[in-house]
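Participant: Data file protein-v1.txt (compact mmCIF, C-alpha atoms and all ligand atoms) is appended below.
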# COMPACT_ATOMS: atom_id res chain seq x y z
CA MET H 1 93.60 33.19 -32.09
CA LEU H 2 92.60 34.92 -28.85
CA HIS H 3 89.40 34.29 -26.90
CA ASN H 4 88.52 37.25 -24.72
CA PHE H 5 86.83 36.16 -21.48
CA ASN H 6 87.65 39.39 -19.63
CA SER H 7 85.15 40.36 -16.95
CA GLY H 8 85.19 44.09 -17.71
CA PRO H 9 86.11 46.07 -19.66
CA SER H 10 85.33 43.17 -21.90
CA ILE H 11 84.61 41.88 -25.36
CA LEU H 12 82.70 44.10 -27.80
CA PRO H 13 81.38 43.23 -31.26
CA GLN H 14 84.09 43.57 -33.96
CA VAL H 15 81.85 45.79 -36.08
CA VAL H 16 81.41 48.18 -33.13
CA LEU H 17 85.17 48.41 -32.69
CA GLN H 18 85.64 49.11 -36.40
CA GLN H 19 82.98 51.82 -36.50
CA ALA H 20 84.31 53.40 -33.30
CA ALA H 21 87.83 53.43 -34.72
CA GLU H 22 86.67 55.04 -37.95
CA ALA H 23 84.73 57.69 -36.04
CA VAL H 24 87.86 58.70 -34.16
CA ILE H 25 89.55 59.57 -37.47
CA ASN H 26 86.66 60.79 -39.60
CA TYR H 27 83.16 60.87 -38.15
CA ASN H 28 80.52 60.13 -40.77
CA ASN H 29 82.64 61.64 -43.56
CA SER H 30 82.54 65.00 -41.84
CA GLY H 31 86.31 65.34 -42.06
CA LEU H 32 86.37 65.75 -38.27
CA SER H 33 87.03 63.25 -35.55
CA LEU H 34 84.13 62.43 -33.24
CA LEU H 35 86.51 63.59 -30.50
CA GLU H 36 86.65 67.05 -32.08
CA LEU H 37 82.91 67.59 -32.40
CA GLY H 38 81.00 69.82 -30.03
CA HIS H 39 78.59 67.99 -27.78
CA ARG H 40 75.83 70.49 -28.59
CA THR H 41 75.98 69.79 -32.32
CA ASN H 42 73.22 68.06 -34.24
CA ALA H 43 75.64 65.24 -34.91
CA PHE H 44 76.03 64.43 -31.22
CA GLN H 45 72.36 65.03 -30.45
CA GLU H 46 71.53 62.38 -33.04
CA ILE H 47 73.89 59.92 -31.37
CA LEU H 48 72.35 60.59 -27.97
CA ASN H 49 68.81 60.32 -29.34
CA GLU H 50 69.52 57.03 -31.07
CA ALA H 51 71.10 55.62 -27.90
CA LYS H 52 68.14 56.68 -25.72
CA ASP H 53 65.58 55.38 -28.20
CA ALA H 54 67.39 52.04 -28.41
CA VAL H 55 67.38 51.71 -24.62
CA LYS H 56 63.65 52.47 -24.40
CA LYS H 57 62.91 50.07 -27.20
CA LEU H 58 64.98 47.23 -25.76
CA MET H 59 63.53 47.76 -22.29
CA GLU H 60 60.01 48.37 -23.61
CA MET H 61 59.81 51.34 -21.25
CA ASN H 62 57.00 53.88 -21.40
CA ASP H 63 57.34 57.64 -20.92
CA GLU H 64 57.17 57.38 -17.14
CA TYR H 65 60.89 56.58 -17.41
CA GLU H 66 63.80 58.76 -18.47
CA VAL H 67 67.03 57.48 -19.97
CA LEU H 68 70.21 59.24 -18.88
CA PHE H 69 73.84 58.81 -19.88
CA LEU H 70 75.97 60.09 -17.02
CA HIS H 71 79.64 60.30 -16.24
CA GLY H 72 81.37 57.70 -14.14
CA GLY H 73 81.19 54.02 -13.41
CA ALA H 74 78.60 52.06 -11.51
CA THR H 75 80.52 52.93 -8.37
CA THR H 76 79.39 56.54 -8.83
CA GLN H 77 75.82 55.27 -8.73
CA PHE H 78 76.46 53.57 -5.38
CA MET H 79 76.61 57.15 -4.06
CA GLN H 80 74.30 58.96 -6.47
CA VAL H 81 71.31 56.66 -5.85
CA PRO H 82 71.11 57.27 -2.08
CA MET H 83 72.06 60.94 -2.48
CA ASN H 84 68.96 61.41 -4.63
CA LEU H 85 66.56 58.98 -2.99
CA LEU H 86 67.41 58.44 0.66
CA ASP H 87 66.64 61.03 3.33
CA THR H 88 68.91 61.17 6.35
CA GLN H 89 66.31 59.72 8.73
CA ALA H 90 64.92 57.23 6.23
CA THR H 91 65.96 53.62 5.63
CA ALA H 92 67.01 51.93 2.41
CA ALA H 93 66.97 48.14 2.07
CA TYR H 94 69.89 46.39 0.37
CA CYS H 95 70.52 42.83 -0.68
CA ASP H 96 74.13 41.96 -0.07
CA ASN H 97 74.58 39.28 -2.73
CA GLY H 98 78.19 39.93 -3.53
CA ILE H 99 81.08 42.31 -3.55
CA TRP H 100 79.25 45.01 -5.56
CA GLY H 101 76.05 45.03 -3.51
CA ASN H 102 78.23 45.07 -0.42
CA LYS H 103 80.02 48.18 -1.64
CA ALA H 104 76.71 49.77 -2.65
CA TYR H 105 75.12 49.53 0.82
CA LYS H 106 78.25 50.85 2.49
CA GLU H 107 78.07 53.97 0.31
CA ALA H 108 74.38 54.42 1.14
CA LYS H 109 75.30 54.65 4.83
CA HIS H 110 76.82 58.06 4.11
CA PHE H 111 73.33 59.36 3.37
CA GLY H 112 70.80 57.62 5.60
CA GLN H 113 69.92 54.40 7.38
CA VAL H 114 70.57 51.07 5.76
CA ALA H 115 68.89 47.72 6.37
CA VAL H 116 70.81 44.81 4.86
CA VAL H 117 67.87 42.47 4.32
CA SER H 118 69.80 39.54 2.93
CA ASP H 119 73.38 38.59 3.61
CA GLY H 120 74.85 36.20 1.08
CA SER H 121 78.19 36.06 2.83
CA THR H 122 76.78 33.34 5.12
CA ASP H 123 77.20 30.85 2.26
CA LYS H 124 80.12 32.58 0.56
CA TYR H 125 77.70 34.19 -1.91
CA HIS H 126 77.08 30.84 -3.57
CA SER H 127 73.35 31.48 -3.87
CA ILE H 128 70.91 34.35 -4.04
CA HIS H 129 69.04 34.56 -0.73
CA LYS H 130 65.46 35.23 -1.75
CA ASN H 131 63.61 34.79 1.52
CA PHE H 132 63.73 38.10 3.30
CA THR H 133 61.44 40.80 4.51
CA VAL H 134 61.82 44.43 3.65
CA PRO H 135 60.80 47.17 6.12
CA SER H 136 57.53 48.48 4.66
CA ASP H 137 58.60 52.09 5.11
CA ALA H 138 61.94 51.62 3.31
CA ALA H 139 62.71 54.20 0.64
CA TYR H 140 63.75 51.49 -1.81
CA LEU H 141 65.16 47.98 -2.18
CA HIS H 142 68.50 47.65 -3.98
CA ILE H 143 69.69 44.50 -5.75
CA THR H 144 72.59 43.59 -8.02
CA SER H 145 70.95 41.73 -10.90
CA ASN H 146 74.13 39.83 -11.79
CA ASN H 147 77.00 39.26 -9.41
CA THR H 148 79.97 39.58 -11.70
CA VAL H 149 82.53 38.28 -9.24
CA GLU H 150 80.61 35.43 -7.57
CA GLY H 151 78.75 34.23 -10.68
CA THR H 152 75.16 34.47 -9.42
CA GLN H 153 72.21 36.11 -11.15
CA TRP H 154 68.64 37.03 -10.24
CA HIS H 155 66.51 35.11 -12.75
CA SER H 156 63.41 36.90 -11.55
CA TYR H 157 63.37 40.01 -9.42
CA PRO H 158 61.93 40.24 -5.91
CA THR H 159 58.37 41.49 -5.82
CA THR H 160 57.99 44.33 -3.40
CA SER H 161 55.67 47.25 -2.83
CA ILE H 162 58.56 49.68 -2.45
CA PRO H 163 60.66 51.01 -5.35
CA LEU H 164 63.12 48.47 -6.72
CA ILE H 165 66.59 49.60 -7.79
CA ALA H 166 68.89 47.34 -9.76
CA ASP H 167 72.58 47.53 -10.55
CA MET H 168 72.55 45.75 -13.93
CA SER H 169 76.14 46.55 -14.86
CA SER H 170 77.08 43.03 -15.85
CA ASP H 171 73.89 41.64 -17.41
CA ILE H 172 72.24 44.65 -18.99
CA PHE H 173 70.60 43.72 -22.31
CA SER H 174 71.72 40.09 -22.06
CA ARG H 175 68.17 38.66 -22.20
CA PRO H 176 64.53 39.68 -21.98
CA THR H 177 63.85 40.60 -18.36
CA ALA H 178 61.28 42.50 -16.29
CA PHE H 179 62.86 45.93 -16.59
CA ASN H 180 59.53 47.55 -15.79
CA GLN H 181 59.51 45.90 -12.37
CA CYS H 182 62.34 48.28 -11.50
CA ASP H 183 62.00 51.95 -10.66
CA LEU H 184 65.64 52.73 -11.30
CA ILE H 185 68.17 50.73 -13.29
CA TYR H 186 71.81 51.62 -13.64
CA ALA H 187 74.76 50.08 -15.41
CA GLY H 188 78.34 51.01 -16.07
CA ALA H 189 78.73 50.56 -19.82
CA GLN H 190 81.99 48.63 -19.99
CA LYS H 191 80.72 45.09 -19.38
CA ASN H 192 77.97 44.47 -21.89
CA MET H 193 77.22 47.80 -23.50
CA GLY H 194 80.29 49.75 -24.50
CA ALA H 195 83.34 51.61 -23.31
CA ALA H 196 84.19 52.66 -19.75
CA GLY H 197 83.36 56.20 -18.66
CA VAL H 198 79.59 56.30 -18.96
CA ASN H 199 76.69 55.06 -16.88
CA LEU H 200 73.28 54.26 -18.20
CA VAL H 201 70.58 55.33 -15.71
CA VAL H 202 66.92 54.62 -16.42
CA VAL H 203 64.70 56.19 -13.82
CA LYS H 204 60.98 56.45 -13.22
CA LYS H 205 60.37 60.15 -12.92
CA ASP H 206 57.91 60.01 -10.03
CA LEU H 207 60.67 58.62 -7.83
CA LEU H 208 62.49 61.96 -7.82
CA GLY H 209 62.09 65.21 -5.94
CA LYS H 210 60.94 63.62 -2.69
CA ILE H 211 63.80 64.22 -0.31
CA SER H 212 64.87 67.27 1.66
CA ARG H 213 68.64 67.08 1.15
CA PRO H 214 70.15 69.67 -1.20
CA ILE H 215 71.75 67.73 -4.05
CA PRO H 216 74.80 69.08 -5.87
CA THR H 217 73.70 69.91 -9.42
CA ILE H 218 75.98 67.46 -11.21
CA MET H 219 74.69 64.64 -8.97
CA ASN H 220 71.02 65.55 -9.34
CA TYR H 221 69.03 63.17 -11.59
CA GLN H 222 66.22 65.72 -11.94
CA LYS H 223 68.62 68.34 -13.29
CA HIS H 224 70.10 65.85 -15.73
CA ILE H 225 66.62 65.03 -17.00
CA GLU H 226 65.90 68.74 -17.49
CA ALA H 227 69.20 69.10 -19.37
CA GLY H 228 68.62 66.02 -21.53
CA SER H 229 71.90 64.37 -20.43
CA LEU H 230 73.71 67.52 -21.63
CA MET H 231 74.20 69.41 -18.38
CA ASN H 232 77.93 69.47 -19.02
CA THR H 233 80.10 67.76 -21.62
CA PRO H 234 79.07 64.11 -21.63
CA PRO H 235 81.62 61.34 -22.24
CA VAL H 236 81.06 61.71 -25.98
CA PHE H 237 83.12 58.77 -27.17
CA ALA H 238 81.76 56.36 -24.56
CA VAL H 239 78.18 57.36 -25.39
CA TYR H 240 78.94 56.74 -29.07
CA VAL H 241 80.31 53.24 -28.41
CA SER H 242 77.21 52.44 -26.34
CA MET H 243 74.99 53.67 -29.16
CA LEU H 244 76.83 51.44 -31.65
CA THR H 245 76.51 48.43 -29.34
CA LEU H 246 72.80 49.08 -28.77
CA ARG H 247 72.30 49.38 -32.54
CA TRP H 248 74.14 46.08 -32.96
CA ILE H 249 71.91 44.37 -30.38
CA LEU H 250 68.80 45.55 -32.22
CA GLN H 251 70.17 44.50 -35.60
CA GLU H 252 71.10 41.05 -34.31
CA GLY H 253 67.55 40.41 -33.15
CA GLY H 254 67.21 42.22 -29.83
CA LEU H 255 67.03 40.69 -26.38
CA GLU H 256 65.30 37.48 -27.46
CA GLU H 257 68.31 36.66 -29.61
CA MET H 258 70.85 37.79 -26.99
CA GLY H 259 69.05 35.61 -24.43
CA ARG H 260 69.07 32.63 -26.76
CA ARG H 261 72.80 32.98 -27.44
CA ASN H 262 73.70 33.55 -23.80
CA ALA H 263 71.65 30.55 -22.67
CA ALA H 264 73.38 28.36 -25.27
CA LYS H 265 76.87 29.49 -24.22
CA SER H 266 76.31 29.22 -20.49
CA SER H 267 74.55 25.86 -20.58
CA LEU H 268 77.37 24.42 -22.69
CA LEU H 269 79.89 25.63 -20.13
CA TYR H 270 77.98 24.51 -17.01
CA ASN H 271 77.21 21.11 -18.60
CA THR H 272 80.90 20.67 -19.34
CA ILE H 273 81.83 21.50 -15.74
CA GLU H 274 79.28 18.99 -14.43
CA SER H 275 80.41 16.26 -16.81
CA LEU H 276 84.03 16.41 -15.64
CA PRO H 277 84.63 15.38 -12.03
CA ILE H 278 87.85 17.36 -11.66
CA TYR H 279 85.88 20.65 -11.72
CA THR H 280 83.17 22.01 -9.41
CA ALA H 281 80.80 24.91 -9.92
CA PRO H 282 79.98 26.15 -6.40
CA VAL H 283 76.93 28.25 -7.24
CA ALA H 284 73.42 26.89 -6.60
CA LYS H 285 72.04 25.71 -9.95
CA GLU H 286 68.99 27.93 -10.02
CA ASP H 287 71.07 31.05 -9.36
CA ARG H 288 73.88 30.51 -11.85
CA SER H 289 74.87 33.47 -13.95
CA GLN H 290 74.68 33.29 -17.73
CA MET H 291 77.30 36.02 -17.92
CA ASN H 292 80.03 34.99 -15.47
CA ALA H 293 80.58 31.33 -14.64
CA VAL H 294 82.78 30.51 -11.65
CA PHE H 295 84.32 27.10 -11.04
CA PHE H 296 87.12 25.46 -9.11
CA LEU H 297 89.54 22.63 -9.68
CA ASN H 298 88.85 20.13 -6.92
CA ASP H 299 92.56 19.59 -6.52
CA ALA H 300 93.73 23.16 -5.85
CA ALA H 301 97.22 22.24 -7.01
CA LEU H 302 95.85 21.88 -10.55
CA GLU H 303 94.64 25.46 -10.71
CA GLU H 304 97.97 26.96 -11.68
CA PRO H 305 98.70 24.49 -14.49
CA PHE H 306 95.13 24.87 -15.76
CA LEU H 307 95.44 28.65 -15.90
CA ALA H 308 98.85 28.32 -17.56
CA LEU H 309 97.32 26.11 -20.24
CA CYS H 310 94.52 28.65 -20.77
CA LYS H 311 97.09 31.36 -21.22
CA GLN H 312 99.10 29.28 -23.65
CA GLU H 313 95.97 28.58 -25.72
CA GLY H 314 94.94 32.24 -25.93
CA MET H 315 92.14 32.19 -23.34
CA ILE H 316 92.26 35.69 -21.89
CA GLY H 317 90.95 36.77 -18.49
CA VAL H 318 89.82 33.48 -16.94
CA LYS H 319 91.57 33.74 -13.57
CA GLY H 320 89.00 34.09 -10.78
CA TYR H 321 88.63 37.37 -8.90
CA ARG H 322 91.35 37.84 -6.31
CA THR H 323 89.05 37.35 -3.29
CA VAL H 324 87.32 34.29 -4.81
CA GLY H 325 90.07 32.41 -6.64
CA GLY H 326 89.41 29.55 -9.04
CA VAL H 327 88.34 30.23 -12.61
CA ARG H 328 85.82 32.75 -13.92
CA VAL H 329 84.63 32.71 -17.50
CA SER H 330 82.77 35.82 -18.64
CA MET H 331 80.53 35.32 -21.66
CA TYR H 332 79.01 38.68 -22.53
CA ASN H 333 76.79 39.34 -25.57
CA ALA H 334 79.66 39.76 -28.03
CA MET H 335 81.32 36.46 -27.06
CA PRO H 336 80.78 33.91 -29.85
CA LEU H 337 79.60 30.39 -28.99
CA GLU H 338 82.71 29.18 -30.78
CA SER H 339 84.98 30.64 -28.07
CA VAL H 340 83.05 28.84 -25.35
CA LYS H 341 83.28 25.60 -27.35
CA VAL H 342 87.05 25.97 -27.64
CA PHE H 343 87.28 26.66 -23.90
CA CYS H 344 85.18 23.57 -23.09
CA GLU H 345 87.40 21.42 -25.31
CA LEU H 346 90.40 22.70 -23.39
CA MET H 347 88.68 21.77 -20.11
CA GLN H 348 88.10 18.26 -21.46
CA PHE H 349 91.67 17.94 -22.68
CA PHE H 350 93.03 19.03 -19.30
CA ALA H 351 90.70 16.63 -17.46
CA GLN H 352 91.92 13.71 -19.59
CA GLN H 353 95.53 14.61 -18.88
CA LYS H 354 95.08 15.01 -15.13
CA GLY H 355 91.97 13.01 -14.27
C1 LIG H 401 81.97 46.20 -12.54
C2 LIG H 401 80.79 46.41 -11.67
C3 LIG H 401 80.65 47.56 -10.88
C4 LIG H 401 81.70 48.62 -10.81
O1 LIG H 401 81.73 49.35 -11.98
P1 LIG H 401 82.70 50.60 -12.19
O2 LIG H 401 82.23 51.09 -13.52
O3 LIG H 401 84.10 50.09 -12.20
O4 LIG H 401 82.47 51.58 -11.11
C5 LIG H 401 79.50 47.67 -10.13
N1 LIG H 401 78.54 46.74 -10.15
C6 LIG H 401 78.65 45.62 -10.89
C7 LIG H 401 77.56 44.61 -10.87
C8 LIG H 401 79.78 45.42 -11.67
O5 LIG H 401 79.88 44.30 -12.40
In structure tokens, how does this file's structure come out?
Facilitator:
Amino acid sequence: MLHNFNSGPSILPQVVLQQAAEAVINYNNSGLSLLELGHRTNAFQEILNEAKDAVKKLMEMNDEYEVLFLHGGATTQFMQVPMNLLDTQATAAYCDNGIWGNKAYKEAKHFGQVAVVSDGSTDKYHSIHKNFTVPSDAAYLHITSNNTVEGTQWHSYPTTSIPLIADMSSDIFSRPTAFNQCDLIYAGAQKNMGAAGVNLVVVKKDLLGKISRPIPTIMNYQKHIEAGSLMNTPPVFAVYVSMLTLRWILQEGGLEEMGRRNAAKSSLLYNTIESLPIYTAPVAKEDRSQMNAVFFLNDAALEEPFLALCKQEGMIGVKGYRTVGGVRVSMYNAMPLESVKVFCELMQFFAQQKG
């Protein structure tokens, strides 16, 4: 029995994998593979429509927002956001709360001025720095809603009078949240929503068309809206897997249910860490991520044997990120509570042996 704690690409619901596999051979009894269908067919338009409708429904977004499925990973958005929204002389505000936000603001510097308004590196990214001021003339404020590597999460978003942009790659659709506080949301699909290769972008339309820079067509959000996410061939298979996952989320009970499950899993794990003195969770309690939990063995020499035991017991992907070390347990929507229970039992067993 394997327990998949990979940080991304990561666990997906079994039923989604089965349906995706079937579609590759014979899509909807059409006798054709999904991979052989034209993207301008009714069949694909239906897939795209269902995916967009599911996003709007889950986010409770009104028609001021557009839902786009675009090529690339979230890293493409690090560039595409400032290319579309930041004029050369203007300033964008960024929260540097971890490795991804750090990369995002460095990309923005190619396009305009950047003000890093909070710098989490001063406490090794162990908390979300929430006391900061944003230049009132900034084009936007950018946050990373969940810091996949460091294990922190914004549990409520900063209130600001300027447009708020959120990289939600690793906690999209994991709980009810104030999506409508954001003016642009993006997420690479492969953590909580589907297969790699596609980005979800949800953008408030009145944000666009305000800068003077010419934008290459394929990078231009406005043009993608006009083309209905069909400017060129979209990543058909990745969009399909996202649609199946979104359908699954709705069928399981939507974000309320995802939030309930994710709270149960993460509190079990954090409580187990706290109850066993050989482990330490470094992240400030109020900022702990429900998706990615990071912890250390107080005696660093025990890390290797602990990880070896995990491997032996079929716990996949729990080694901490290379710059952080320690252990990282990713518990995305599709992860059953049972897997977290088994992992916690293993932590207890190891603590008894070594404590
Ligand atoms: C994984 C991740 C990224 C990078 O995504 P790619 O699809 O590999 O470009 C960016 N931001 C966050 C928060 C992530 O978790």
Participant: Enumerate, in order of chain and increasing residue number, the residues of chain H with an atom no farther than 7 Å from ligand LIG 401 (chain H), each with its shortest atom pair and distance in Å to one decimal, counting all atoms listed in the file, as JSON lines.
Facilitator:
{"residue": "H:Gly8", "atom": "CA", "partner": "H:LIG401", "partner_atom": "C1", "distance": 6.4}
{"residue": "H:Gly72", "atom": "CA", "partner": "H:LIG401", "partner_atom": "O2", "distance": 6.7}
{"residue": "H:Gly73", "atom": "CA", "partner": "H:LIG401", "partner_atom": "O2", "distance": 3.1}
{"residue": "H:Ala74", "atom": "CA", "partner": "H:LIG401", "partner_atom": "O4", "distance": 3.9}
{"residue": "H:Thr75", "atom": "CA", "partner": "H:LIG401", "partner_atom": "O4", "distance": 3.6}
{"residue": "H:Thr76", "atom": "CA", "partner": "H:LIG401", "partner_atom": "O4", "distance": 6.3}
{"residue": "H:Trp100", "atom": "CA", "partner": "H:LIG401", "partner_atom": "N1", "distance": 5.0}
{"residue": "H:Thr144", "atom": "CA", "partner": "H:LIG401", "partner_atom": "C7", "distance": 5.8}
{"residue": "H:Asn146", "atom": "CA", "partner": "H:LIG401", "partner_atom": "C7", "distance": 6.0}
{"residue": "H:Asn147", "atom": "CA", "partner": "H:LIG401", "partner_atom": "C7", "distance": 5.6}
{"residue": "H:Thr148", "atom": "CA", "partner": "H:LIG401", "partner_atom": "O5", "distance": 4.8}
{"residue": "H:Asp167", "atom": "CA", "partner": "H:LIG401", "partner_atom": "C7", "distance": 5.8}
{"residue": "H:Met168", "atom": "CA", "partner": "H:LIG401", "partner_atom": "C7", "distance": 6.0}
{"residue": "H:Ser169", "atom": "CA", "partner": "H:LIG401", "partner_atom": "C7", "distance": 4.7}
{"residue": "H:Ser170", "atom": "CA", "partner": "H:LIG401", "partner_atom": "O5", "distance": 4.6}
{"residue": "H:Gly188", "atom": "CA", "partner": "H:LIG401", "partner_atom": "O2", "distance": 4.7}
{"residue": "H:Gln190", "atom": "CA", "partner": "H:LIG401", "partner_atom": "O2", "distance": 6.9}
{"residue": "H:Ala196", "atom": "CA", "partner": "H:LIG401", "partner_atom": "O2", "distance": 6.7}
Participant: From the list H:Pro176, H:Gly317, H:Pro214, H:Gly228, which residue is nearest H:Ala263 when using only C-alpha atoms?
Facilitator: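 Ranking H:Pro176, H:Gly317, H:Pro214, H:Gly228 by distance to H:Ala263, first place goes to H:Pro176.
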Participant: Could you give me, as a list in words, the residues within 10 Å of H:Phe343, counting only C-alpha atoms and dropping anything in the same chain fewer than 2 positions from it?
Facilitator: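 Everything that qualifies: His3, Phe5, Leu269, Thr272, Cys310, Glu313, Gly314, Met315, Val329, Leu337, Glu338, Ser339, Val340, Lys341, Glu345, Leu346, Met347, Gln348 and Phe349 of chain H.
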Participant: One number please: atom CA of H:Leu37 to atom CA of H:Val241, in Å, one decimal.
Facilitator: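 Straight-line distance from atom CA of H:Leu37 to atom CA of H:Val241 works out to 15.1 Å.
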Participant: Work out how far atom CA of H:Ala195 is from atom CA of H:Ala21, in Å to one decimal.
Facilitator: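 Taking atom CA of H:Ala21 and atom CA of H:Ala195, their separation equals 12.4 Å.
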Participant: In the coordinates of the file, take the point (94.1, 27.5, -16.6) and a cut-off of 10 Å; then, counting only C-alpha atoms, name each qualifying protein, DNA or RNA residue as number ranges by chain.
Facilitator: H: 297, 302-313, 315-319, 326-327, 346-347, 350
Participant: How would the residues just chosen look if you wrote them out with C-alpha atoms as a PDB file, in the frame of the given file?
Facilitator:
ATOM      1  CA  LEU H 297      89.540  22.630  -9.680  1.00  0.00           C
ATOM      2  CA  LEU H 302      95.850  21.880 -10.550  1.00  0.00           C
ATOM      3  CA  GLU H 303      94.640  25.460 -10.710  1.00  0.00           C
ATOM      4  CA  GLU H 304      97.970  26.960 -11.680  1.00  0.00           C
ATOM      5  CA  PRO H 305      98.700  24.490 -14.490  1.00  0.00           C
ATOM      6  CA  PHE H 306      95.130  24.870 -15.760  1.00  0.00           C
ATOM      7  CA  LEU H 307      95.440  28.650 -15.900  1.00  0.00           C
ATOM      8  CA  ALA H 308      98.850  28.320 -17.560  1.00  0.00           C
ATOM      9  CA  LEU H 309      97.320  26.110 -20.240  1.00  0.00           C
ATOM     10  CA  CYS H 310      94.520  28.650 -20.770  1.00  0.00           C
ATOM     11  CA  LYS H 311      97.090  31.360 -21.220  1.00  0.00           C
ATOM     12  CA  GLN H 312      99.100  29.280 -23.650  1.00  0.00           C
ATOM     13  CA  GLU H 313      95.970  28.580 -25.720  1.00  0.00           C
ATOM     14  CA  MET H 315      92.140  32.190 -23.340  1.00  0.00           C
ATOM     15  CA  ILE H 316      92.260  35.690 -21.890  1.00  0.00           C
ATOM     16  CA  GLY H 317      90.950  36.770 -18.490  1.00  0.00           C
ATOM     17  CA  VAL H 318      89.820  33.480 -16.940  1.00  0.00           C
ATOM     18  CA  LYS H 319      91.570  33.740 -13.570  1.00  0.00           C
ATOM     19  CA  GLY H 326      89.410  29.550  -9.040  1.00  0.00           C
ATOM     20  CA  VAL H 327      88.340  30.230 -12.610  1.00  0.00           C
ATOM     21  CA  LEU H 346      90.400  22.700 -23.390  1.00  0.00           C
ATOM     22  CA  MET H 347      88.680  21.770 -20.110  1.00  0.00           C
ATOM     23  CA  PHE H 350      93.030  19.030 -19.300  1.00  0.00           C
TER      24      PHE H 350
END
Participant: So how many Å separate atom CA of H:Leu255 and atom CA of H:Leu58, to one decimal?
Facilitator: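 Result for atom CA of H:Leu255 versus atom CA of H:Leu58: 6.9 Å, one decimal.
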Participant: Excluding H:Leu35 and its own-chain neighbours fewer than 3 positions away, which residues fall within 12 Å of it when counting all atoms listed in the file? Please give them as a ChimeraX atom specification.
Facilitator: /H:20-27,31-32,38-39,43-44,233-240
Participant: Kindly save the residues from that selection, with C-alpha atoms included, as a PDB file, in the frame of the given file.
Facilitator:
ATOM      1  CA  ALA H  20      84.310  53.400 -33.300  1.00  0.00           C
ATOM      2  CA  ALA H  21      87.830  53.430 -34.720  1.00  0.00           C
ATOM      3  CA  GLU H  22      86.670  55.040 -37.950  1.00  0.00           C
ATOM      4  CA  ALA H  23      84.730  57.690 -36.040  1.00  0.00           C
ATOM      5  CA  VAL H  24      87.860  58.700 -34.160  1.00  0.00           C
ATOM      6  CA  ILE H  25      89.550  59.570 -37.470  1.00  0.00           C
ATOM      7  CA  ASN H  26      86.660  60.790 -39.600  1.00  0.00           C
ATOM      8  CA  TYR H  27      83.160  60.870 -38.150  1.00  0.00           C
ATOM      9  CA  GLY H  31      86.310  65.340 -42.060  1.00  0.00           C
ATOM     10  CA  LEU H  32      86.370  65.750 -38.270  1.00  0.00           C
ATOM     11  CA  GLY H  38      81.000  69.820 -30.030  1.00  0.00           C
ATOM     12  CA  HIS H  39      78.590  67.990 -27.780  1.00  0.00           C
ATOM     13  CA  ALA H  43      75.640  65.240 -34.910  1.00  0.00           C
ATOM     14  CA  PHE H  44      76.030  64.430 -31.220  1.00  0.00           C
ATOM     15  CA  THR H 233      80.100  67.760 -21.620  1.00  0.00           C
ATOM     16  CA  PRO H 234      79.070  64.110 -21.630  1.00  0.00           C
ATOM     17  CA  PRO H 235      81.620  61.340 -22.240  1.00  0.00           C
ATOM     18  CA  VAL H 236      81.060  61.710 -25.980  1.00  0.00           C
ATOM     19  CA  PHE H 237      83.120  58.770 -27.170  1.00  0.00           C
ATOM     20  CA  ALA H 238      81.760  56.360 -24.560  1.00  0.00           C
ATOM     21  CA  VAL H 239      78.180  57.360 -25.390  1.00  0.00           C
ATOM     22  CA  TYR H 240      78.940  56.740 -29.070  1.00  0.00           C
TER      23      TYR H 240
END
Participant: Using all atoms listed in the file for the distances, tell me which of H:Met243, H:Ala54, H:Ile11, H:Met83 is nearest to H:Thr217.
Facilitator: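 For H:Thr217, the nearest of the given residues is H:Met83.
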Participant: Need the shell around H:Asp119: protein/DNA/RNA residues with any atom at most 8 Å away, counting all atoms listed in the file. Skip same-chain ones fewer than 3 positions apart. Format as a PyMOL selection string?
Facilitator: chain H and resi 95-97+116+122+129
